[in-house]
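**Q** First the structure, then my questions, so here it is.
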Number of protein chains: 2
Amino acid sequence: MSLRYALIALLTGRPMTGYDISKSFSRSVAHVWHAPDSQIYPALNRMERDGLLTSVEVPWGKKATKKEYHVTDAGLAEFREWMESPQVPQWQRDPAYLKAAYFDFADPEAVREQLRQQQAYWEEHLAMLEDTRATLADRTHPTLAARIAKLGEREAELTVRYKIYAYDGLIARARTELAWIQDGFALLDELHGT
Amino acid sequence: MSLRYALIALLTGRPMTGYDISKSFSRSVAHVWHAPDSQIYPALNRMERDGLLTSVEVPWGKKATKKEYHVTDAGLAEFREWMESPQVPQWQRDPAYLKAAYFDFADPEAVREQLRQQQAYWEEHLAMLEDTRATLADRTHPTLAARIAKLGEREAELTVRYKIYAYDGLIARARTELAWIQDGFALLDELHGT
DNA sequence: ACAAGCTATCTATGGATATAGTGAGTTGGC
DNA sequence: GCCAACTCACTATATCCATAGATAGCTTGT
């Protein structure tokens with residue numbers, strides 16, 4: 001259900017086509033939410049049908065057009081309502097923890113190799129998060145820049161600070177994962193020799 | 001796809017009916033994986049069709065029977081293969097972070113209230129995790145006890161240590177969430193007064 | 001002039017997931 | 001003897017999500 005709100009959230013920054021959104025969802029916005037285009041286009045259609053969005057046909061080249069989606073007042077109202085409604089925390093369901101609980105079924109070397117891969121992934125992910133956080137802090141992040149262009153300094157400050165807050169949470173999470181992976185190496189060493 | 005492996009993992013401990021599994025998935029095993037019974041029964045049927053499990057009709061009362069599922073050699077082989085295959089880390093998609101990035105759209109008091117709710121949830125969750133971790137460490141956890149009953153001390157030690165390792169990861173994650181929520185309160189105070 | 005690659009939108013398939021039911025048998029307490 | 005609570009298995013519906021592929025126009029470099 002959150003996809004709808006992620007879409008509205010993005011579109012409050014500036015009107016976009018499904019393609020634009022899809023690209024954003026593959027780049028830095030993906031840290032907060034991601035969906036493939038095959039999910040985005042039907043969702044946009046349904047949301048337009050539900051009156052949360054309106055689309056404007058924009059010429060593209062000589063013959064073609066593209067559909068630019070705008071958030072309606074109803075859409076914004078529903079977004080605000082969601083923002084202020086209590087969040088039902090959902091079950092944690094991460095295959096990495098499932099695997100870890102059963103590491104005794106796998107060869108220690110295979111486990112070590114997987115930990116190395118997880119480590120590489122999270123280190124890269126962490127670097128991306130920190131890069132993005134920096135572009136938020138200096139306001140060069142393109143999506144953010146477009147968003148705050150029309151805002152006063154006070155509003156811009158709030159917007160930026162909350163984005164950074166979200167990223168600080170993601171960064172802390174990534175660091176926690178990396179620390180856990182480190183503990184995994186230590187445990188392997190202890191249980192199966194170095 | 002991980003549901004299949006979660007089911008095999010559980011069934012390697014002892015044969016169970018769909019109902020047993022459903023109960024386990026609602027209790028402490030739920031920390032590592034959870035699914036409703038409406039997902040479990042069809043999955044078990046499909047897995048039996050695929051040869052990963054076999055079922056034995058066990059009498060229950062005078063007229064009724066129940067189906068007890070056992071892991072086949074093929075099922076165990078597929079589980080081991082999964083355990084040793086590289087894990088594709090999936091996108092993080094937590095609505096809490098999506099919301100946090102757009103807190104400026106909500107009333108500060110509503111945000112504060114939500115943070116309180118999140119805090120309460122994670123504190124309770126953390127307490128449950130720590131309780132469960134303790135029952136793993138002293139081997140009184142019923143599912144674990146059934147699992148290690150047939151194992152030698154060396155194997156039991158490995159099994160227990162890896163379970164504890166998984167829980168330590170979940171505990172660290174919960175603590176990180178709580179620290180982030182604390183930062184949220186501090187940020188609200190700074191941006192909107194105490 | 002044309003191919004390669006990008007922009008743009010959409011469909012198909014199949015499993016994952018949540019919520020909400022149906023229905024039959026069993027067990028235990030009063 | 002009966003009712004409530006529990007055990008057991010399953011179905012229905014609807015959305016979520018990932019992977020894959022279809023189609024068509026546009027832009028750019030050679």
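Letters A, B, ... go to the chains of the structure tokens in the order shown; residues in each chain start at 1; ligands are counted from 1 in the same order.
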Once DSSP has gone over the backbone, tell me which residues of region 14-178 of chain A are in strand (DSSP E), as a list in words.

**A**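 So the strand (DSSP E) residues in region 14-178 of chain A would be Leu53, Thr54, Ser55, Val56, Glu57, Val58, Pro59, Trp60, Ala64, Thr65, Lys66, Lys67, Glu68, Tyr69, His70 and Val71 of chain A.
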
**Q** For DG28 (chain C), please output as a list in words all residues within 12 Å (counting only C-alpha atoms (C1' of nucleotides); exclusion window: fewer than 6 positions along the same chain).

**A**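 So, after excluding close chain neighbours, the residues are DC2, DC3, DA4, DA5 and DC6 of chain D.
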
**Q** From the set B:Ile8, B:Gly13, B:His34, B:Ser2, which residue has the shortest atom-to-atom contact distance to Lys150 (chain B), counting only C-alpha atoms?

**A** B:Gly13

**Q** Pick from D:DT23, D:DT30, D:DA18, D:DC10: nearest to chain A, with only C-alpha atoms (C1' of nucleotides) counted?

**A**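 When distances to chain A are compared using only C-alpha atoms (C1' of nucleotides), the smallest one comes from D:DA18.
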
**Q** With a cut-off of 6 Å and counting only C-alpha atoms, select all residues of chain B in contact with chain A and give the selection as a list in words.

**A**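 Within 6 Å of chain A on chain B, we get Val32, Trp33, Met83, Glu84, Pro86, Arg93, Tyr97, Leu98, Ala100, Ala101, Asp104, Ala106, Ala110, Gln114, Thr159, Tyr162, Lys163, Ala166, Gly169 and Trp180 of chain B.
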
**Q** Write a file of the selected residues as a CSV table (one decimal), in the first residue's frame, keeping N, CA and C atoms.

**A**
```csv
chain,number,residue,atom,x,y,z
B,32,VAL,N,12.3,-14.7,13.1
B,32,VAL,CA,13.1,-15.0,11.9
B,32,VAL,C,12.3,-15.1,10.6
B,33,TRP,N,11.1,-15.6,10.7
B,33,TRP,CA,10.2,-15.7,9.6
B,33,TRP,C,8.8,-15.8,10.0
B,83,MET,N,21.2,-22.6,1.0
B,83,MET,CA,22.1,-22.1,2.1
B,83,MET,C,23.5,-21.7,1.6
B,84,GLU,N,23.9,-22.4,0.6
B,84,GLU,CA,25.3,-22.1,0.2
B,84,GLU,C,25.3,-21.2,-1.1
B,86,PRO,N,24.8,-17.7,-3.1
B,86,PRO,CA,24.9,-16.3,-2.7
B,86,PRO,C,23.5,-15.7,-2.6
B,93,ARG,N,12.8,-1.7,2.0
B,93,ARG,CA,11.5,-0.9,1.7
B,93,ARG,C,10.7,-0.8,3.0
B,97,TYR,N,10.8,4.7,7.0
B,97,TYR,CA,11.8,5.6,6.5
B,97,TYR,C,11.2,6.5,5.4
B,98,LEU,N,10.3,6.0,4.7
B,98,LEU,CA,9.6,6.8,3.7
B,98,LEU,C,8.9,7.9,4.4
B,100,ALA,N,9.5,9.2,7.4
B,100,ALA,CA,10.5,10.1,8.1
B,100,ALA,C,11.0,11.1,7.1
B,101,ALA,N,11.2,10.7,5.8
B,101,ALA,CA,11.8,11.6,4.8
B,101,ALA,C,10.8,12.7,4.5
B,104,ASP,N,7.9,16.7,7.2
B,104,ASP,CA,7.5,18.1,7.1
B,104,ASP,C,6.1,18.2,6.5
B,106,ALA,N,3.6,16.5,7.9
B,106,ALA,CA,2.7,16.2,9.0
B,106,ALA,C,2.9,17.1,10.1
B,110,ALA,N,1.7,15.1,15.7
B,110,ALA,CA,1.3,13.8,15.1
B,110,ALA,C,2.6,12.9,14.9
B,114,GLN,N,3.6,9.4,16.7
B,114,GLN,CA,4.0,8.2,15.9
B,114,GLN,C,5.3,7.7,16.4
B,159,THR,N,24.6,-25.5,16.4
B,159,THR,CA,23.2,-25.1,16.2
B,159,THR,C,22.8,-24.0,17.1
B,162,TYR,N,24.7,-20.5,16.3
B,162,TYR,CA,24.2,-19.8,15.1
B,162,TYR,C,22.8,-19.2,15.4
B,163,LYS,N,22.0,-19.9,16.1
B,163,LYS,CA,20.7,-19.3,16.4
B,163,LYS,C,20.9,-18.0,17.2
B,166,ALA,N,22.0,-15.2,15.1
B,166,ALA,CA,20.9,-14.6,14.3
B,166,ALA,C,20.1,-13.6,15.3
B,169,GLY,N,21.9,-10.4,15.9
B,169,GLY,CA,21.7,-9.5,14.8
B,169,GLY,C,20.3,-8.7,14.9
B,180,TRP,N,17.6,5.6,16.6
B,180,TRP,CA,17.1,6.5,15.5
B,180,TRP,C,15.9,7.2,16.0
```

**Q** Which residues of chain C come within 10 Å of chain A, and what is each one's closest atom pair and distance in Å (one decimal), counting only C-alpha atoms (C1' of nucleotides), sorted by chain and residue number, as JSON lines?

**A**
```
{"residue": "C:DT7", "atom": "C1'", "partner": "A:Tyr19", "partner_atom": "CA", "distance": 7.5}
{"residue": "C:DA8", "atom": "C1'", "partner": "A:Tyr19", "partner_atom": "CA", "distance": 6.3}
{"residue": "C:DT9", "atom": "C1'", "partner": "A:Tyr41", "partner_atom": "CA", "distance": 7.4}
{"residue": "C:DC10", "atom": "C1'", "partner": "A:Tyr41", "partner_atom": "CA", "distance": 7.5}
{"residue": "C:DT11", "atom": "C1'", "partner": "A:Ser38", "partner_atom": "CA", "distance": 8.7}
```

**Q** Please identify all polymer residues within 8 Å of Gly51 (chain A), counting only C-alpha atoms (C1' of nucleotides), omitting same-chain residues fewer than 3 positions from it, and present them as a ChimeraX atom specification.

**A** /A:47-48,54,72,74-75

**Q** Choose the residue, out of B:Ala127, B:Leu11, B:Gly61, B:Ser24, that has the smallest atom-to-atom separation from chain D; count only C-alpha atoms (C1' of nucleotides).

**A** B:Gly61

**Q** If I take C1' of DT15 (chain D) and CA of Tyr69 (chain A), how far is one from the other in Å, to one decimal?

**A** 22.3 Å

**Q** Determine, counting only C-alpha atoms (C1' of nucleotides), which protein, DNA and RNA residues have an atom within 10 Å of an atom of Ser28 (chain A); residues of the same chain fewer than 5 positions away are not included. Present the result as an MDAnalysis selection string.

**A** chainID A and resid 23 33:34 128:129 131:133 141:143

**Q** Could you write out as a list in words the residues of chain D within 10 Å of chain A, counting only C-alpha atoms (C1' of nucleotides)?

**A**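 Contact residues on the first chain: DT15, DC16, DC17, DA18, DT19, DA24, DG25, DC26 and DT27 of chain D.
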
**Q** May I have the selected residues written with N, CA and C atoms (P, O5', C5', C4', C3', O3' and C1' of nucleotides), as a CSV table (one decimal), in the first residue's frame?

**A**
```
chain,number,residue,atom,x,y,z
D,15,DT,P,-7.2,-4.7,-5.6
D,15,DT,O5',-5.8,-4.3,-5.0
D,15,DT,C5',-5.6,-4.2,-3.6
D,15,DT,C4',-4.2,-4.7,-3.3
D,15,DT,C3',-3.1,-4.1,-4.1
D,15,DT,O3',-2.2,-3.4,-3.2
D,15,DT,C1',-2.8,-6.4,-3.8
D,16,DC,P,-1.0,-2.6,-3.8
D,16,DC,O5',0.2,-3.6,-3.5
D,16,DC,C5',0.4,-4.2,-2.3
D,16,DC,C4',1.7,-5.1,-2.3
D,16,DC,C3',2.9,-4.5,-3.0
D,16,DC,O3',4.0,-4.7,-2.1
D,16,DC,C1',2.4,-6.6,-3.9
D,17,DC,P,5.3,-3.9,-2.3
D,17,DC,O5',6.1,-4.8,-3.4
D,17,DC,C5',6.6,-6.1,-3.0
D,17,DC,C4',7.1,-6.8,-4.2
D,17,DC,C3',7.9,-6.0,-5.1
D,17,DC,O3',9.3,-6.3,-4.9
D,17,DC,C1',6.5,-7.6,-6.2
D,18,DA,P,10.4,-5.8,-5.8
D,18,DA,O5',10.6,-7.0,-6.8
D,18,DA,C5',10.8,-8.4,-6.3
D,18,DA,C4',11.1,-9.3,-7.5
D,18,DA,C3',12.1,-8.7,-8.5
D,18,DA,O3',13.0,-9.7,-8.8
D,18,DA,C1',10.0,-9.3,-9.6
D,19,DT,P,14.2,-9.5,-9.8
D,19,DT,O5',13.7,-10.1,-11.1
D,19,DT,C5',13.2,-11.4,-11.1
D,19,DT,C4',12.7,-11.8,-12.5
D,19,DT,C3',13.6,-11.3,-13.6
D,19,DT,O3',14.0,-12.4,-14.4
D,19,DT,C1',11.3,-10.8,-14.0
D,24,DA,P,3.9,-1.3,-32.7
D,24,DA,O5',4.2,0.3,-32.6
D,24,DA,C5',3.6,1.0,-31.5
D,24,DA,C4',4.5,2.2,-31.2
D,24,DA,C3',5.3,2.7,-32.5
D,24,DA,O3',5.1,4.0,-32.6
D,24,DA,C1',6.7,2.5,-30.6
D,25,DG,P,5.4,4.8,-34.0
D,25,DG,O5',6.1,6.1,-33.4
D,25,DG,C5',5.5,6.8,-32.3
D,25,DG,C4',6.6,7.5,-31.6
D,25,DG,C3',7.5,8.4,-32.4
D,25,DG,O3',7.6,9.7,-31.9
D,25,DG,C1',8.7,6.9,-31.0
D,26,DC,P,8.4,10.8,-32.6
D,26,DC,O5',9.7,10.8,-31.7
D,26,DC,C5',9.6,11.1,-30.3
D,26,DC,C4',11.1,11.1,-29.8
D,26,DC,C3',12.0,12.0,-30.6
D,26,DC,O3',12.6,12.9,-29.6
D,26,DC,C1',13.0,9.9,-30.3
D,27,DT,P,13.5,14.2,-30.2
D,27,DT,O5',15.0,13.5,-30.0
D,27,DT,C5',15.4,13.0,-28.7
D,27,DT,C4',16.8,12.6,-28.8
D,27,DT,C3',17.7,13.5,-29.6
D,27,DT,O3',18.9,13.7,-28.8
D,27,DT,C1',18.0,11.3,-30.4
```

**Q** For the atom pair CA of Arg27 (chain B) and CA of Glu123 (chain B), what is the interatomic distance in Å to one decimal place?

**A**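 Taking CA of Arg27 (chain B) as the start and CA of Glu123 (chain B) as the end point, the length is 17.3 Å.
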
**Q** Considering only alpha helix (DSSP H) as DSSP defines it on the backbone, what residues of region 83-185 of chain A qualify? List them as a VMD selection string.

**A** chain A and resid 83 to 84 95 to 101 108 to 137 142 to 148 153 to 185

**Q** Just to be explicit: take each residue in the selection above, keep C-alpha atoms, and write the result as an mmCIF file, in the first residue's frame.

**A**
```
data_model
loop_
_atom_site.group_PDB
_atom_site.id
_atom_site.type_symbol
_atom_site.label_atom_id
_atom_site.label_comp_id
_atom_site.auth_asym_id
_atom_site.auth_seq_id
_atom_site.Cartn_x
_atom_site.Cartn_y
_atom_site.Cartn_z
ATOM 1 C CA MET A 83 1.513 10.650 7.171
ATOM 2 C CA GLU A 84 -0.369 11.328 10.382
ATOM 3 C CA PRO A 95 16.353 -14.007 4.358
ATOM 4 C CA ALA A 96 19.825 -13.137 5.657
ATOM 5 C CA TYR A 97 18.684 -13.732 9.250
ATOM 6 C CA LEU A 98 16.873 -16.907 8.287
ATOM 7 C CA LYS A 99 20.065 -18.201 6.729
ATOM 8 C CA ALA A 100 22.202 -17.136 9.655
ATOM 9 C CA ALA A 101 20.009 -19.090 12.060
ATOM 10 C CA PRO A 108 31.825 -22.970 6.780
ATOM 11 C CA GLU A 109 33.772 -21.818 3.739
ATOM 12 C CA ALA A 110 30.540 -21.213 1.819
ATOM 13 C CA VAL A 111 29.247 -19.224 4.782
ATOM 14 C CA ARG A 112 32.431 -17.181 4.896
ATOM 15 C CA GLU A 113 32.102 -16.440 1.212
ATOM 16 C CA GLN A 114 28.523 -15.299 1.664
ATOM 17 C CA LEU A 115 29.495 -13.054 4.528
ATOM 18 C CA ARG A 116 32.138 -11.502 2.299
ATOM 19 C CA GLN A 117 29.510 -10.838 -0.364
ATOM 20 C CA GLN A 118 27.115 -9.357 2.142
ATOM 21 C CA GLN A 119 29.918 -7.216 3.483
ATOM 22 C CA ALA A 120 30.797 -5.953 0.010
ATOM 23 C CA TYR A 121 27.166 -5.157 -0.688
ATOM 24 C CA TRP A 122 26.609 -3.267 2.538
ATOM 25 C CA GLU A 123 29.874 -1.360 2.238
ATOM 26 C CA GLU A 124 28.937 -0.206 -1.228
ATOM 27 C CA HIS A 125 25.422 0.569 -0.076
ATOM 28 C CA LEU A 126 26.757 2.546 2.877
ATOM 29 C CA ALA A 127 29.047 4.563 0.608
ATOM 30 C CA MET A 128 26.093 5.434 -1.630
ATOM 31 C CA LEU A 129 24.022 6.459 1.355
ATOM 32 C CA GLU A 130 26.779 8.695 2.661
ATOM 33 C CA ASP A 131 27.274 10.240 -0.774
ATOM 34 C CA THR A 132 23.583 10.940 -1.064
ATOM 35 C CA ARG A 133 23.452 12.329 2.460
ATOM 36 C CA ALA A 134 26.198 14.777 1.512
ATOM 37 C CA THR A 135 24.290 15.983 -1.559
ATOM 38 C CA LEU A 136 21.225 16.479 0.629
ATOM 39 C CA ALA A 137 23.217 18.473 3.185
ATOM 40 C CA PRO A 142 18.632 17.182 -7.939
ATOM 41 C CA THR A 143 15.276 15.867 -6.723
ATOM 42 C CA LEU A 144 15.643 17.792 -3.490
ATOM 43 C CA ALA A 145 16.794 20.942 -5.273
ATOM 44 C CA ALA A 146 13.705 20.883 -7.506
ATOM 45 C CA ARG A 147 11.543 20.368 -4.453
ATOM 46 C CA ILE A 148 12.872 23.215 -2.345
ATOM 47 C CA GLU A 153 14.055 29.122 3.722
ATOM 48 C CA ARG A 154 12.189 27.872 6.795
ATOM 49 C CA GLU A 155 10.273 25.230 4.812
ATOM 50 C CA ALA A 156 13.395 24.294 2.868
ATOM 51 C CA GLU A 157 15.286 23.813 6.129
ATOM 52 C CA LEU A 158 12.624 21.455 7.484
ATOM 53 C CA THR A 159 12.480 19.493 4.242
ATOM 54 C CA VAL A 160 16.228 19.046 4.129
ATOM 55 C CA ARG A 161 16.602 18.159 7.779
ATOM 56 C CA TYR A 162 13.987 15.415 7.619
ATOM 57 C CA LYS A 163 15.510 13.932 4.486
ATOM 58 C CA ILE A 164 18.866 13.862 6.233
ATOM 59 C CA TYR A 165 17.234 12.306 9.271
ATOM 60 C CA ALA A 166 15.849 9.487 7.130
ATOM 61 C CA TYR A 167 19.265 8.910 5.595
ATOM 62 C CA ASP A 168 20.950 8.931 8.993
ATOM 63 C CA GLY A 169 18.615 6.092 9.941
ATOM 64 C CA LEU A 170 19.496 4.138 6.824
ATOM 65 C CA ILE A 171 23.197 4.761 7.430
ATOM 66 C CA ALA A 172 22.928 3.552 11.027
ATOM 67 C CA ARG A 173 21.143 0.473 9.794
ATOM 68 C CA ALA A 174 23.862 -0.270 7.250
ATOM 69 C CA ARG A 175 26.559 0.130 9.908
ATOM 70 C CA THR A 176 24.673 -2.255 12.183
ATOM 71 C CA GLU A 177 24.524 -4.845 9.405
ATOM 72 C CA LEU A 178 28.254 -4.499 8.818
ATOM 73 C CA ALA A 179 29.022 -4.912 12.522
ATOM 74 C CA TRP A 180 26.860 -8.042 12.576
ATOM 75 C CA ILE A 181 28.723 -9.451 9.582
ATOM 76 C CA GLN A 182 32.010 -8.783 11.387
ATOM 77 C CA ASP A 183 30.689 -10.759 14.347
ATOM 78 C CA GLY A 184 29.834 -13.515 11.887
ATOM 79 C CA PHE A 185 33.450 -13.801 10.764
#
```

**Q** For CA of Arg46 (chain A) and C1' of DA12 (chain C), quote the distance in Å rounded to one decimal.

**A**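 Separation of CA of Arg46 (chain A) and C1' of DA12 (chain C): 18.3 Å.
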